[in-house]
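Data first, discussion second: the structure below is written as structure tokens.
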Amino acid sequence: MEAIAWRSVLSLIVVSSLMVYEEWVSAPSCKIIPGPDPYEHESGRGTEELKVMLVGDLLLLGSEAGFVNRYFRDYYMAKFFRKSFDSLNPDMLLVLGDVSARGSESTRSNWLPVFNQFDRMLGPFLGLPFHVTLGDRDIGECSGLNPQSVNWIAGNLPGLDSAGCGAFEISNVSFVSVNAVALLCGNNKLRFSVEKVIERERIDLRMGEEGTAEAINYSGKFGKTYNDFARRENDTSSLSGPVLLLHFPLDRRDDGKCSHENSNTRESRGVLGPGPYDLLHTVPPNATKYIFQSIKPRIIFSAHTHEFCDHTHQDGTREVTVSAMTWKARDDPGFVVATFHGNRREVSISYCSLARESHILTAYASVLVLLLSFVIVANISQWRSLRL
């Protein structure tokens, strides 16, 4: 009886320790990334107005998810979202494309489980305003880009027009999201529609309209309704425009390599599914130049490459590329928190890393070995006692 009680106590200790470990590793570890202005964080204390969490490349599989993805990876990603919400208390969530791993190959009926999976994963974020841009895995590459399919997918996401673009303002911060996939393609209807959105932003910025235009309420399958307002900028100089959101990074070949201590080599990335998805894709140089001249973005947020990058373009515009937030793409997922300060144009950036899948698997394996050792030792002790 003493041996049984001893085994029960040890098992309880091991299981309790594993539960504590799960809660600990599911909390994000964040650190501030210094920007072009070395004094921005000191001057910005006490003036925070809008805190935004940005994630990219969730690569959800919906009904095609296997046992490991559904009951391990997706389970932990939901915990990561919940713990991030609890610890960071963001005001808004932005998802920068590739919500689905195989959306471009999926029918509408196959998309519905992805929407439901996304809904479950977001958890407490469903009570906040959030916005989703479109990625190449969501709608396909140029050869398979279908305007009708893009329109249907965009209609199920908050704030997107039929071309997959959107514009909104929250807490006096203006945002514009662009369907960057269409910008990689040649002459097609979607590209022309995206260019119309950019041109409209250019006109609004140039005119410096005062006040708000008629508010347009919008909501999709996911999310809380918020409003799309006209721009209120009077300064048409560089960095005077809205925050730009897109899936592909802008062209940066003339600005040298992007490097950061959090960036990892491409060999460390995972591989997911078929398809020639080039992680080196960027918005073409001519389209990049057009965006800079037309929108004059305050700051740019992109994704697609699966790794974090903090880059400053030649004109001083800062572009932050968000890491993939999934173990399907890399062993060390992460996300970004951007804080927009109330009385200035500075934006503070924090990079948040999540637990490595390899570390958690090692912990589970260690616990399993430990439990098996307890069972073996207990059985041997019981067998010896019976022999005696």
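In the structure tokens, chains take letters A, B, ... by order of appearance, with residues numbered from 1 within each chain and ligands from 1 in the order shown.
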
Could you give me, as CSV, every segment 114-229 of chain A residue with an atom at most 9 Å from segment 281-290 of chain A, plus its closest atom pair and distance in Å to one decimal, counting only C-alpha atoms, rows ordered by chain then number?
residue,atom,partner,partner_atom,distance
A:Ala180,CA,A:Val283,CA,6.9
A:Val181,CA,A:Val283,CA,8.3
A:Leu183,CA,A:Val283,CA,6.6
A:Leu184,CA,A:Val283,CA,6.2
A:Ile198,CA,A:Tyr290,CA,8.6

Using the selection just defined, write its residues with N, CA and C atoms as a compact mmCIF listing (two decimals), in the first residue's frame.
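Dumped to result-v9.txt:
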# COMPACT_ATOMS: atom_id res chain seq x y z
N ALA A 180 -1.16 42.84 -51.52
CA ALA A 180 0.16 42.87 -52.15
C ALA A 180 0.33 41.75 -53.16
N VAL A 181 -0.46 40.68 -53.06
CA VAL A 181 -0.34 39.58 -54.01
C VAL A 181 -0.64 40.09 -55.42
N LEU A 183 -0.19 42.98 -56.59
CA LEU A 183 0.86 43.88 -57.09
C LEU A 183 2.00 43.11 -57.74
N LEU A 184 2.10 41.81 -57.48
CA LEU A 184 3.14 41.00 -58.12
C LEU A 184 2.75 40.57 -59.53
N ILE A 198 -4.69 52.75 -53.79
CA ILE A 198 -3.49 53.54 -53.52
C ILE A 198 -3.66 54.96 -54.03

Practice item. Write out as a VMD selection string all residues of segment 82-207 of chain A that DSSP puts in helix (DSSP H, G or I) for this structure's backbone. Key: chain A and resid 82 to 88 103 to 105 108 to 127 136 to 139 142 to 144 147 to 155 180 to 183 189 to 207

Check your understanding: Interatomic distance between atom CA of Pro34 of chain A and atom CA of Phe301 of chain A?
Key -> 15.9 Å

**Study point:** Residues near Tyr75 of chain A, cut-off 12 Å, only C-alpha atoms, skip fewer than 2 positions along chain, as a list in words
**Key:**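 Skipping anything fewer than 2 positions along the chain leaves Glu22, Ser26, Phe67, Val68, Asn69, Arg70, Tyr71, Phe72, Arg73, Met77, Ala78, Lys79, Phe80, Phe81, Arg82, Gln117, Phe118, Arg120, Met121, Leu122, Gly123, Thr326 and Trp327 of chain A.
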
If you keep N, CA and C atoms, can you produce a file of those selected residues as a compact mmCIF listing (two decimals), in the first residue's frame?
# COMPACT_ATOMS: atom_id res chain seq x y z
N GLU A 22 3.53 24.18 -18.65
CA GLU A 22 2.73 24.59 -19.79
C GLU A 22 2.32 26.05 -19.68
N SER A 26 3.86 29.11 -22.23
CA SER A 26 2.90 29.71 -23.14
C SER A 26 2.85 31.23 -23.04
N PHE A 67 -3.68 14.85 -36.36
CA PHE A 67 -3.74 14.75 -34.90
C PHE A 67 -2.74 15.70 -34.24
N VAL A 68 -1.51 15.72 -34.72
CA VAL A 68 -0.47 16.55 -34.10
C VAL A 68 -0.82 18.03 -34.21
N ASN A 69 -1.26 18.46 -35.39
CA ASN A 69 -1.61 19.87 -35.57
C ASN A 69 -2.82 20.26 -34.73
N ARG A 70 -3.82 19.39 -34.69
CA ARG A 70 -5.07 19.76 -34.03
C ARG A 70 -4.95 19.74 -32.52
N TYR A 71 -4.30 18.72 -31.97
CA TYR A 71 -4.30 18.54 -30.52
C TYR A 71 -2.99 18.94 -29.85
N PHE A 72 -2.03 19.36 -30.63
CA PHE A 72 -0.78 19.84 -30.02
C PHE A 72 -0.45 21.26 -30.48
N ARG A 73 -0.19 21.45 -31.76
CA ARG A 73 0.22 22.76 -32.26
C ARG A 73 -0.90 23.80 -32.11
N MET A 77 -1.03 27.12 -29.79
CA MET A 77 -1.19 28.45 -30.38
C MET A 77 -2.36 29.19 -29.75
N ALA A 78 -3.44 28.48 -29.44
CA ALA A 78 -4.56 29.10 -28.75
C ALA A 78 -4.13 29.59 -27.36
N LYS A 79 -3.30 28.79 -26.68
CA LYS A 79 -2.77 29.23 -25.38
C LYS A 79 -1.87 30.45 -25.54
N PHE A 80 -1.06 30.47 -26.61
CA PHE A 80 -0.20 31.63 -26.84
C PHE A 80 -1.03 32.90 -27.03
N PHE A 81 -2.11 32.80 -27.80
CA PHE A 81 -2.98 33.96 -28.01
C PHE A 81 -3.59 34.41 -26.68
N ARG A 82 -4.09 33.46 -25.90
CA ARG A 82 -4.73 33.82 -24.63
C ARG A 82 -3.74 34.45 -23.66
N GLN A 117 -11.68 27.46 -37.22
CA GLN A 117 -10.43 27.22 -36.48
C GLN A 117 -9.79 28.54 -36.08
N PHE A 118 -9.79 29.49 -36.98
CA PHE A 118 -9.26 30.83 -36.69
C PHE A 118 -10.04 31.48 -35.56
N ARG A 120 -11.70 29.97 -33.13
CA ARG A 120 -11.37 29.32 -31.86
C ARG A 120 -9.98 29.74 -31.37
N MET A 121 -9.03 29.86 -32.28
CA MET A 121 -7.67 30.18 -31.89
C MET A 121 -7.55 31.58 -31.31
N LEU A 122 -8.30 32.54 -31.87
CA LEU A 122 -8.19 33.92 -31.42
C LEU A 122 -8.70 34.11 -30.00
N GLY A 123 -9.70 33.35 -29.62
CA GLY A 123 -10.20 33.41 -28.25
C GLY A 123 -10.59 34.81 -27.83
N THR A 326 3.60 30.33 -35.94
CA THR A 326 3.18 28.94 -36.00
C THR A 326 4.40 28.03 -36.03
N TRP A 327 4.28 26.89 -35.39
CA TRP A 327 5.33 25.89 -35.46
C TRP A 327 5.35 25.19 -36.81

Check your understanding: Just how far from atom CA of Val322 of chain A is atom CA of Leu145 of chain A, in Å to one decimal?
Key ->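 One can read the atom CA of Leu145 of chain A to atom CA of Val322 of chain A distance as 24.2 Å.
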
Check your understanding: Interatomic distance between atom CA of Leu96 of chain A and atom CA of Phe175 of chain A?
Key ->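 Between these atoms lies a distance of 12.8 Å.
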
Practice item. For Val55 of chain A, please output as an MDAnalysis selection string all residues within 10 Å (counting only C-alpha atoms; exclusion window: fewer than 6 positions along the same chain). Key: chainID A and resid 93:97 99 132 301:303 321:326 333:337

Selected residues written out with N, CA and C atoms, as a compact mmCIF listing (two decimals), in the first residue's frame:
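Result file selection.txt:
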# COMPACT_ATOMS: atom_id res chain seq x y z
N LEU A 93 -5.79 43.69 -32.91
CA LEU A 93 -5.01 42.61 -33.51
C LEU A 93 -4.98 42.78 -35.02
N LEU A 94 -3.79 42.65 -35.62
CA LEU A 94 -3.63 42.68 -37.07
C LEU A 94 -2.97 41.39 -37.51
N VAL A 95 -3.57 40.72 -38.50
CA VAL A 95 -3.05 39.47 -39.05
C VAL A 95 -2.61 39.75 -40.47
N LEU A 96 -1.32 39.56 -40.76
CA LEU A 96 -0.74 40.00 -42.03
C LEU A 96 -0.65 38.89 -43.07
N GLY A 97 -1.74 38.20 -43.28
CA GLY A 97 -1.82 37.26 -44.39
C GLY A 97 -1.44 35.84 -44.08
N VAL A 99 -3.47 33.29 -43.49
CA VAL A 99 -4.26 32.66 -42.43
C VAL A 99 -4.38 31.17 -42.71
N VAL A 132 -7.48 41.66 -41.08
CA VAL A 132 -6.70 40.60 -41.71
C VAL A 132 -6.38 41.01 -43.15
N PHE A 301 4.17 47.49 -42.06
CA PHE A 301 4.22 46.16 -41.46
C PHE A 301 3.93 45.13 -42.54
N SER A 302 4.79 44.12 -42.64
CA SER A 302 4.65 43.07 -43.64
C SER A 302 4.94 41.71 -42.99
N ALA A 303 4.85 40.64 -43.79
CA ALA A 303 5.07 39.29 -43.27
C ALA A 303 5.71 38.44 -44.36
N THR A 321 8.97 43.54 -40.59
CA THR A 321 8.45 42.28 -41.11
C THR A 321 8.23 41.32 -39.94
N VAL A 322 7.03 40.82 -39.83
CA VAL A 322 6.61 40.04 -38.67
C VAL A 322 6.91 38.56 -38.89
N SER A 323 7.43 37.92 -37.88
CA SER A 323 7.74 36.49 -37.94
C SER A 323 6.47 35.66 -38.01
N ALA A 324 6.60 34.43 -38.52
CA ALA A 324 5.46 33.51 -38.54
C ALA A 324 5.10 33.11 -37.13
N MET A 325 3.80 33.10 -36.84
CA MET A 325 3.34 32.68 -35.51
C MET A 325 2.75 31.27 -35.60
N THR A 326 3.60 30.33 -35.94
CA THR A 326 3.18 28.94 -36.00
C THR A 326 4.40 28.03 -36.03
N PRO A 333 8.42 30.48 -33.18
CA PRO A 333 7.49 31.49 -33.69
C PRO A 333 7.55 32.77 -32.86
N GLY A 334 6.96 33.83 -33.41
CA GLY A 334 6.96 35.09 -32.70
C GLY A 334 5.95 36.05 -33.30
N PHE A 335 5.84 37.22 -32.69
CA PHE A 335 4.95 38.25 -33.18
C PHE A 335 5.50 39.61 -32.76
N VAL A 336 4.81 40.67 -33.14
CA VAL A 336 5.27 42.03 -32.87
C VAL A 336 4.18 42.81 -32.15
N VAL A 337 4.58 43.66 -31.23
CA VAL A 337 3.68 44.61 -30.59
C VAL A 337 4.13 46.01 -30.95
